[in-house]
$ cat my_file34.txt   # compact mmCIF, N, CA and C atoms
# COMPACT_ATOMS: atom_id res chain seq x y z
N MET O 1 70.39 -173.05 119.26
CA MET O 1 69.16 -173.27 118.56
C MET O 1 69.34 -173.13 117.06
N LYS O 2 70.12 -172.13 116.68
CA LYS O 2 70.38 -171.90 115.27
C LYS O 2 71.12 -173.11 114.67
N GLY O 3 72.02 -173.70 115.42
CA GLY O 3 72.79 -174.86 114.95
C GLY O 3 71.90 -176.07 114.72
N ILE O 4 70.94 -176.28 115.60
CA ILE O 4 70.01 -177.42 115.45
C ILE O 4 69.14 -177.22 114.22
N LEU O 5 68.69 -176.00 114.00
CA LEU O 5 67.86 -175.70 112.83
C LEU O 5 68.65 -175.94 111.54
N ILE O 6 69.88 -175.49 111.47
CA ILE O 6 70.73 -175.71 110.30
C ILE O 6 70.98 -177.20 110.11
N PHE O 7 71.22 -177.91 111.21
CA PHE O 7 71.43 -179.36 111.14
C PHE O 7 70.20 -180.07 110.57
N LEU O 8 69.01 -179.71 111.03
CA LEU O 8 67.77 -180.33 110.52
C LEU O 8 67.56 -180.01 109.04
N ILE O 9 67.85 -178.79 108.64
CA ILE O 9 67.70 -178.40 107.23
C ILE O 9 68.64 -179.21 106.36
N ILE O 10 69.86 -179.40 106.82
CA ILE O 10 70.84 -180.21 106.07
C ILE O 10 70.37 -181.66 105.98
N ILE O 11 69.87 -182.22 107.06
CA ILE O 11 69.40 -183.61 107.07
C ILE O 11 68.20 -183.78 106.13
N VAL O 12 67.22 -182.89 106.26
CA VAL O 12 66.02 -182.99 105.41
C VAL O 12 66.39 -182.75 103.95
N GLY O 13 67.23 -181.78 103.69
CA GLY O 13 67.65 -181.52 102.31
C GLY O 13 68.43 -182.70 101.74
N GLY O 14 69.30 -183.27 102.54
CA GLY O 14 70.05 -184.44 102.10
C GLY O 14 69.13 -185.62 101.79
N TYR O 15 68.11 -185.78 102.61
CA TYR O 15 67.14 -186.86 102.39
C TYR O 15 66.45 -186.70 101.04
N PHE O 16 65.99 -185.49 100.73
CA PHE O 16 65.31 -185.25 99.45
C PHE O 16 66.26 -185.41 98.27
N VAL O 17 67.48 -184.93 98.41
CA VAL O 17 68.45 -185.05 97.32
C VAL O 17 68.75 -186.52 97.03
N VAL O 18 68.95 -187.31 98.09
CA VAL O 18 69.25 -188.73 97.91
C VAL O 18 68.07 -189.44 97.26
N ASN O 19 66.86 -189.15 97.71
CA ASN O 19 65.69 -189.79 97.12
C ASN O 19 65.51 -189.42 95.66
N ILE O 20 65.74 -188.19 95.30
CA ILE O 20 65.61 -187.76 93.90
C ILE O 20 66.68 -188.44 93.05
N VAL O 21 67.92 -188.47 93.53
CA VAL O 21 69.01 -189.09 92.78
C VAL O 21 68.76 -190.59 92.62
N VAL O 22 68.33 -191.26 93.67
CA VAL O 22 68.06 -192.70 93.59
C VAL O 22 66.90 -192.97 92.64
N ASP O 23 65.85 -192.17 92.74
CA ASP O 23 64.72 -192.35 91.84
C ASP O 23 65.12 -192.13 90.39
N GLU O 24 65.93 -191.10 90.13
CA GLU O 24 66.38 -190.83 88.77
C GLU O 24 67.23 -191.98 88.22
N SER O 25 68.09 -192.54 89.07
CA SER O 25 68.93 -193.63 88.58
C SER O 25 68.10 -194.87 88.30
N LYS O 26 67.05 -195.11 89.05
CA LYS O 26 66.15 -196.24 88.77
C LYS O 26 65.47 -196.02 87.43
N ASP O 27 64.99 -194.82 87.18
CA ASP O 27 64.34 -194.52 85.90
C ASP O 27 65.32 -194.71 84.76
N TYR O 28 66.54 -194.26 84.93
CA TYR O 28 67.54 -194.38 83.88
C TYR O 28 67.84 -195.84 83.57
N SER O 29 68.01 -196.65 84.60
CA SER O 29 68.32 -198.06 84.36
C SER O 29 67.14 -198.77 83.72
N ASP O 30 65.93 -198.39 84.07
CA ASP O 30 64.76 -199.00 83.45
C ASP O 30 64.71 -198.64 81.96
N ARG O 31 65.05 -197.40 81.64
CA ARG O 31 65.01 -196.98 80.24
C ARG O 31 66.10 -197.65 79.41
N THR O 32 67.25 -197.89 79.99
CA THR O 32 68.33 -198.46 79.20
C THR O 32 68.14 -199.94 78.93
N THR O 33 67.43 -200.65 79.82
CA THR O 33 67.25 -202.08 79.62
C THR O 33 65.91 -202.44 79.01
N SER O 34 64.98 -201.49 78.95
CA SER O 34 63.66 -201.82 78.43
C SER O 34 63.68 -201.84 76.90
N GLU O 35 62.67 -202.52 76.38
CA GLU O 35 62.54 -202.61 74.93
C GLU O 35 61.69 -201.44 74.45
N ASP O 36 61.72 -201.22 73.16
CA ASP O 36 60.81 -200.22 72.64
C ASP O 36 59.39 -200.79 72.68
N GLY O 37 58.42 -199.93 72.51
CA GLY O 37 57.02 -200.34 72.65
C GLY O 37 56.61 -201.43 71.68
N HIS O 38 57.08 -201.35 70.44
CA HIS O 38 56.68 -202.33 69.43
C HIS O 38 57.20 -203.73 69.77
N THR O 39 58.47 -203.82 70.16
CA THR O 39 59.05 -205.12 70.49
C THR O 39 58.37 -205.72 71.70
N SER O 40 58.11 -204.90 72.70
CA SER O 40 57.43 -205.37 73.90
C SER O 40 56.02 -205.86 73.58
N TYR O 41 55.31 -205.12 72.76
CA TYR O 41 53.96 -205.50 72.36
C TYR O 41 53.97 -206.82 71.59
N TYR O 42 54.91 -206.95 70.65
CA TYR O 42 55.00 -208.16 69.85
C TYR O 42 55.33 -209.36 70.74
N ARG O 43 56.28 -209.19 71.65
CA ARG O 43 56.65 -210.29 72.55
C ARG O 43 55.46 -210.71 73.40
N LYS O 44 54.71 -209.74 73.90
CA LYS O 44 53.53 -210.04 74.72
C LYS O 44 52.49 -210.80 73.91
N LYS O 45 52.28 -210.40 72.67
CA LYS O 45 51.31 -211.09 71.81
C LYS O 45 51.75 -212.53 71.56
N VAL O 46 53.04 -212.74 71.30
CA VAL O 46 53.55 -214.10 71.06
C VAL O 46 53.40 -214.94 72.31
N GLU O 47 53.72 -214.38 73.48
CA GLU O 47 53.60 -215.13 74.73
C GLU O 47 52.14 -215.50 74.99
N ASP O 48 51.22 -214.58 74.73
CA ASP O 48 49.81 -214.87 74.92
C ASP O 48 49.35 -215.97 73.96
N LYS O 49 49.82 -215.89 72.74
CA LYS O 49 49.46 -216.90 71.74
C LYS O 49 50.03 -218.28 72.12
N ASP O 50 51.26 -218.28 72.66
CA ASP O 50 51.89 -219.54 73.07
C ASP O 50 51.15 -220.17 74.25
N LYS O 51 50.64 -219.34 75.15
CA LYS O 51 49.94 -219.87 76.33
C LYS O 51 48.71 -220.68 75.94
N ILE O 52 48.12 -220.36 74.81
CA ILE O 52 46.94 -221.09 74.35
C ILE O 52 47.29 -222.56 74.11
N HIS O 53 48.50 -222.82 73.66
CA HIS O 53 48.92 -224.18 73.29
C HIS O 53 49.62 -224.92 74.42
N HIS O 54 49.86 -224.27 75.53
CA HIS O 54 50.44 -224.92 76.71
C HIS O 54 49.30 -225.19 77.69
N LYS O 55 49.06 -226.44 77.98
CA LYS O 55 47.98 -226.85 78.88
C LYS O 55 48.55 -227.66 80.03
N LYS O 56 47.74 -227.87 81.06
CA LYS O 56 48.13 -228.75 82.16
C LYS O 56 47.43 -230.09 81.95
N ASP O 57 48.19 -231.16 82.12
CA ASP O 57 47.59 -232.48 82.00
C ASP O 57 46.99 -232.91 83.34
N SER O 58 46.53 -234.14 83.42
CA SER O 58 45.87 -234.62 84.64
C SER O 58 46.83 -234.70 85.83
N LEU O 59 48.13 -234.73 85.56
CA LEU O 59 49.13 -234.77 86.63
C LEU O 59 49.58 -233.37 87.05
N GLY O 60 49.07 -232.35 86.36
CA GLY O 60 49.44 -230.98 86.68
C GLY O 60 50.69 -230.52 85.96
N GLN O 61 51.19 -231.30 85.01
CA GLN O 61 52.38 -230.93 84.25
C GLN O 61 51.97 -230.13 83.01
N ILE O 62 52.83 -229.23 82.61
CA ILE O 62 52.58 -228.45 81.40
C ILE O 62 52.86 -229.33 80.19
N VAL O 63 51.94 -229.33 79.24
CA VAL O 63 52.11 -230.07 77.99
C VAL O 63 51.84 -229.12 76.83
N ILE O 64 52.37 -229.46 75.67
CA ILE O 64 52.12 -228.68 74.45
C ILE O 64 51.12 -229.44 73.61
N SER O 65 50.03 -228.78 73.25
CA SER O 65 49.05 -229.42 72.37
C SER O 65 49.27 -229.01 70.92
N ALA O 66 49.34 -227.74 70.63
CA ALA O 66 49.68 -227.18 69.31
C ALA O 66 48.79 -227.69 68.18
N TYR O 67 47.53 -227.94 68.46
CA TYR O 67 46.61 -228.33 67.40
C TYR O 67 46.15 -227.10 66.64
N GLY O 68 45.93 -227.26 65.35
CA GLY O 68 45.48 -226.16 64.52
C GLY O 68 46.59 -225.29 63.98
N LEU O 69 47.83 -225.71 64.15
CA LEU O 69 48.97 -224.95 63.63
C LEU O 69 49.66 -225.74 62.54
N SER O 70 50.34 -225.04 61.67
CA SER O 70 51.16 -225.73 60.67
C SER O 70 52.38 -226.32 61.36
N LEU O 71 53.07 -227.23 60.69
CA LEU O 71 54.24 -227.86 61.28
C LEU O 71 55.31 -226.82 61.61
N GLU O 72 55.48 -225.83 60.76
CA GLU O 72 56.48 -224.78 61.00
C GLU O 72 56.11 -223.96 62.24
N GLU O 73 54.83 -223.65 62.41
CA GLU O 73 54.39 -222.92 63.60
C GLU O 73 54.57 -223.76 64.86
N LYS O 74 54.34 -225.06 64.74
CA LYS O 74 54.54 -225.97 65.88
C LYS O 74 56.01 -225.99 66.29
N LYS O 75 56.89 -226.03 65.29
CA LYS O 75 58.32 -226.04 65.59
C LYS O 75 58.74 -224.73 66.26
N ASN O 76 58.22 -223.61 65.78
CA ASN O 76 58.54 -222.33 66.41
C ASN O 76 58.01 -222.25 67.83
N LEU O 77 56.83 -222.82 68.06
CA LEU O 77 56.27 -222.89 69.40
C LEU O 77 57.18 -223.69 70.31
N TRP O 78 57.69 -224.81 69.82
CA TRP O 78 58.60 -225.64 70.61
C TRP O 78 59.88 -224.89 70.93
N LEU O 79 60.40 -224.14 69.98
CA LEU O 79 61.65 -223.40 70.20
C LEU O 79 61.48 -222.33 71.28
N ARG O 80 60.30 -221.76 71.42
CA ARG O 80 60.04 -220.74 72.43
C ARG O 80 59.59 -221.33 73.75
N SER O 81 59.30 -222.61 73.77
CA SER O 81 58.70 -223.24 74.95
C SER O 81 59.74 -223.53 76.03
N PRO O 82 59.36 -223.34 77.29
CA PRO O 82 60.26 -223.73 78.39
C PRO O 82 60.45 -225.24 78.47
N LEU O 83 59.57 -225.99 77.84
CA LEU O 83 59.69 -227.45 77.85
C LEU O 83 60.94 -227.91 77.09
N GLN O 84 61.36 -227.14 76.10
CA GLN O 84 62.56 -227.50 75.36
C GLN O 84 63.78 -227.50 76.29
N GLY O 85 63.91 -226.48 77.10
CA GLY O 85 65.01 -226.41 78.06
C GLY O 85 64.94 -227.52 79.09
N GLU O 86 63.73 -227.85 79.50
CA GLU O 86 63.55 -228.94 80.46
C GLU O 86 63.97 -230.27 79.85
N MET O 87 63.67 -230.46 78.57
CA MET O 87 64.08 -231.69 77.88
C MET O 87 65.61 -231.75 77.77
N ILE O 88 66.23 -230.65 77.41
CA ILE O 88 67.68 -230.62 77.24
C ILE O 88 68.38 -230.83 78.58
N SER O 89 67.74 -230.46 79.68
CA SER O 89 68.36 -230.67 80.99
C SER O 89 68.51 -232.16 81.31
N LYS O 90 67.82 -233.01 80.60
CA LYS O 90 67.92 -234.45 80.82
C LYS O 90 69.08 -235.07 80.03
N PHE O 91 69.78 -234.27 79.24
CA PHE O 91 70.94 -234.74 78.47
C PHE O 91 72.00 -235.26 79.42
N PRO O 92 72.69 -236.33 79.15
CA PRO O 92 72.77 -237.17 77.96
C PRO O 92 71.90 -238.43 78.03
N ASN O 93 70.89 -238.44 78.89
CA ASN O 93 70.00 -239.59 78.99
C ASN O 93 68.93 -239.48 77.90
N PHE O 94 69.24 -240.02 76.73
CA PHE O 94 68.36 -239.87 75.58
C PHE O 94 67.03 -240.60 75.76
N SER O 95 67.02 -241.70 76.49
CA SER O 95 65.75 -242.40 76.72
C SER O 95 64.82 -241.55 77.59
N ARG O 96 65.36 -240.84 78.57
CA ARG O 96 64.53 -239.94 79.38
C ARG O 96 64.03 -238.76 78.54
N MET O 97 64.87 -238.29 77.64
CA MET O 97 64.46 -237.19 76.77
C MET O 97 63.31 -237.63 75.87
N LYS O 98 63.41 -238.83 75.31
CA LYS O 98 62.34 -239.35 74.44
C LYS O 98 61.06 -239.55 75.24
N ARG O 99 61.17 -240.10 76.43
CA ARG O 99 59.99 -240.31 77.27
C ARG O 99 59.36 -238.96 77.65
N PHE O 100 60.20 -237.98 77.93
CA PHE O 100 59.71 -236.63 78.25
C PHE O 100 58.89 -236.09 77.09
N VAL O 101 59.41 -236.22 75.87
CA VAL O 101 58.70 -235.70 74.70
C VAL O 101 57.40 -236.47 74.49
N ARG O 102 57.42 -237.78 74.65
CA ARG O 102 56.18 -238.56 74.47
C ARG O 102 55.12 -238.18 75.51
N ASP O 103 55.58 -237.85 76.72
CA ASP O 103 54.64 -237.50 77.78
C ASP O 103 54.14 -236.06 77.70
N ARG O 104 54.99 -235.15 77.26
CA ARG O 104 54.67 -233.72 77.37
C ARG O 104 54.31 -233.03 76.06
N VAL O 105 54.56 -233.69 74.93
CA VAL O 105 54.16 -233.12 73.63
C VAL O 105 53.02 -233.97 73.11
N VAL O 106 51.82 -233.41 73.12
CA VAL O 106 50.62 -234.16 72.78
C VAL O 106 50.46 -234.30 71.27
N ASN O 107 50.88 -233.31 70.53
CA ASN O 107 50.68 -233.29 69.08
C ASN O 107 51.61 -234.30 68.41
N PRO O 108 51.07 -235.27 67.64
CA PRO O 108 51.92 -236.31 67.04
C PRO O 108 52.91 -235.79 65.99
N ASP O 109 52.53 -234.77 65.23
CA ASP O 109 53.45 -234.23 64.21
C ASP O 109 54.68 -233.61 64.87
N LEU O 110 54.44 -232.78 65.87
CA LEU O 110 55.54 -232.14 66.59
C LEU O 110 56.35 -233.16 67.35
N GLN O 111 55.69 -234.12 67.95
CA GLN O 111 56.37 -235.17 68.69
C GLN O 111 57.32 -235.95 67.78
N ASP O 112 56.84 -236.31 66.60
CA ASP O 112 57.69 -237.05 65.65
C ASP O 112 58.91 -236.23 65.23
N ALA O 113 58.70 -234.93 64.98
CA ALA O 113 59.81 -234.07 64.56
C ALA O 113 60.88 -233.98 65.66
N ILE O 114 60.44 -233.84 66.91
CA ILE O 114 61.38 -233.72 68.02
C ILE O 114 62.10 -235.05 68.25
N LEU O 115 61.35 -236.15 68.22
CA LEU O 115 61.96 -237.47 68.43
C LEU O 115 62.97 -237.80 67.34
N LYS O 116 62.71 -237.33 66.13
CA LYS O 116 63.65 -237.54 65.03
C LYS O 116 64.97 -236.81 65.30
N ILE O 117 64.89 -235.60 65.80
CA ILE O 117 66.09 -234.83 66.15
C ILE O 117 66.84 -235.54 67.27
N ILE O 118 66.12 -235.99 68.30
CA ILE O 118 66.76 -236.66 69.43
C ILE O 118 67.48 -237.92 68.96
N LYS O 119 66.84 -238.69 68.10
CA LYS O 119 67.46 -239.92 67.59
C LYS O 119 68.72 -239.61 66.79
N ASN O 120 68.64 -238.59 65.95
CA ASN O 120 69.79 -238.19 65.14
C ASN O 120 70.97 -237.76 66.04
N VAL O 121 70.69 -236.93 67.04
CA VAL O 121 71.74 -236.47 67.95
C VAL O 121 72.27 -237.64 68.77
N ASP O 122 71.39 -238.53 69.20
CA ASP O 122 71.80 -239.72 69.96
C ASP O 122 72.77 -240.56 69.15
N ASP O 123 72.45 -240.80 67.90
CA ASP O 123 73.33 -241.60 67.04
C ASP O 123 74.69 -240.94 66.87
N GLN O 124 74.70 -239.64 66.60
CA GLN O 124 75.96 -238.93 66.39
C GLN O 124 76.78 -238.85 67.68
N TYR O 125 76.11 -238.61 68.81
CA TYR O 125 76.80 -238.48 70.09
C TYR O 125 77.37 -239.83 70.53
N SER O 126 76.58 -240.89 70.35
CA SER O 126 77.02 -242.22 70.76
C SER O 126 78.21 -242.71 69.93
N SER O 127 78.23 -242.32 68.66
CA SER O 127 79.33 -242.74 67.80
C SER O 127 80.56 -241.84 67.94
N GLY O 128 80.44 -240.76 68.72
CA GLY O 128 81.58 -239.88 68.96
C GLY O 128 81.80 -238.83 67.89
N LEU O 129 80.83 -238.65 67.00
CA LEU O 129 80.99 -237.66 65.93
C LEU O 129 80.84 -236.22 66.45
N ILE O 130 80.09 -236.05 67.53
CA ILE O 130 79.89 -234.71 68.08
C ILE O 130 80.17 -234.75 69.58
N ASP O 131 80.56 -233.59 70.11
CA ASP O 131 80.81 -233.49 71.55
C ASP O 131 79.54 -233.03 72.28
N THR O 132 79.64 -232.86 73.58
CA THR O 132 78.49 -232.53 74.41
C THR O 132 77.86 -231.19 74.01
N GLU O 133 78.69 -230.18 73.84
CA GLU O 133 78.17 -228.84 73.50
C GLU O 133 77.46 -228.85 72.15
N THR O 134 78.05 -229.53 71.18
CA THR O 134 77.44 -229.60 69.86
C THR O 134 76.12 -230.37 69.93
N ALA O 135 76.09 -231.43 70.72
CA ALA O 135 74.87 -232.21 70.85
C ALA O 135 73.76 -231.37 71.47
N LYS O 136 74.07 -230.62 72.53
CA LYS O 136 73.09 -229.76 73.15
C LYS O 136 72.59 -228.67 72.19
N TYR O 137 73.53 -228.14 71.42
CA TYR O 137 73.14 -227.14 70.43
C TYR O 137 72.21 -227.73 69.38
N GLN O 138 72.55 -228.92 68.88
CA GLN O 138 71.71 -229.55 67.87
C GLN O 138 70.32 -229.90 68.40
N LEU O 139 70.22 -230.16 69.69
CA LEU O 139 68.92 -230.44 70.28
C LEU O 139 68.02 -229.19 70.30
N THR O 140 68.64 -228.02 70.21
CA THR O 140 67.83 -226.80 70.18
C THR O 140 67.34 -226.48 68.77
N LEU O 141 67.86 -227.18 67.78
CA LEU O 141 67.44 -226.96 66.40
C LEU O 141 66.35 -227.95 66.03
N ILE O 142 65.37 -227.47 65.34
CA ILE O 142 64.31 -228.37 64.90
C ILE O 142 63.83 -227.96 63.53

$ encode --input "my_file34.txt" --output "C-alpha cells"
Amino acid sequence: MKGILIFLIIIVGGYFVVNIVVDESKDYSDRTTSEDGHTSYYRKKVEDKDKIHHKKDSLGQIVISAYGLSLEEKKNLWLRSPLQGEMISKFPNFSRMKRFVRDRVVNPDLQDAILKIIKNVDDQYSSGLIDTETAKYQLTLI
C-alpha cells in the first residue's frame, strides 16, 4: 500500500512539474518573439488604416481604392498590401501583371505609378539587362 501511495505521489508530482515547465517555456518563447508594446500598437494602427483602403469588388476580389491619400501614402499602402505579392507571383507574365493592376487597383494615380514600374522592368528584363531576381526586386520598389 505504501508503494502505491509513493507511486501516485511521484506521478502526480511529475504531472505538475511537467505542466509548469511546459507553461514556462511557452511564456518564454512568446516573450522572445513578441514585439514591444509601442511597435505592436503602431503596426495594428497601420493595419487598421490600410483596411480602410482595401475593399471587395463585385466579384469578391480585394481591390485598393486609396482615395484621399497623397501619392506617397498610396505608394506606401501598395508596398504593405498583399496585392503586391500577388502581382509579383504572376512574374514573368508582364501582360497578366498589368491586367492585374488595372483590375485590382482602382485609384488611377497609383495604377499609373505601378504600371510605369512594370513597363520599365519589362523593358529591362526583355532586353536582358536584368536577371529574374533583380526584376522581382525592382517590382517591389515604387

$ closest_residue --input "my_file34.txt" --among "O:Gly60, O:Val101, O:Leu83, O:Phe94" --to "Lys119 (chain O)" --atoms "all atoms listed in the file"
O:Phe94

$ axis_aligned_box --input "my_file34.txt" --around "region 106-115 of chain O" --padding-each-side "3 Å" --output "lines of an AutoDock Vina configuration file"
center_x = 56.7
center_y = -235.0
center_z = 68.7
size_x = 18.5
size_y = 11.7
size_z = 14.9

$ residues_around --input "my_file34.txt" --residues "His54 (chain O)" --least-positions-apart "4" --cutoff "6.5 Å" --atoms "all atoms listed in the file" --output "list in words"
Asp50, Ile62, Val63, Ile64, Ser65 and Ala66 of chain O

$ atom_distance --input "my_file34.txt" --atom1 "atom N of Pro92 (chain O)" --atom2 "atom N of Leu139 (chain O)"
11.6 Å

$ closest_residue --input "my_file34.txt" --among "O:Ile142, O:Thr134, O:Met87, O:Ile52" --to "Ile114 (chain O)" --atoms "only N, CA and C atoms"
O:Ile142
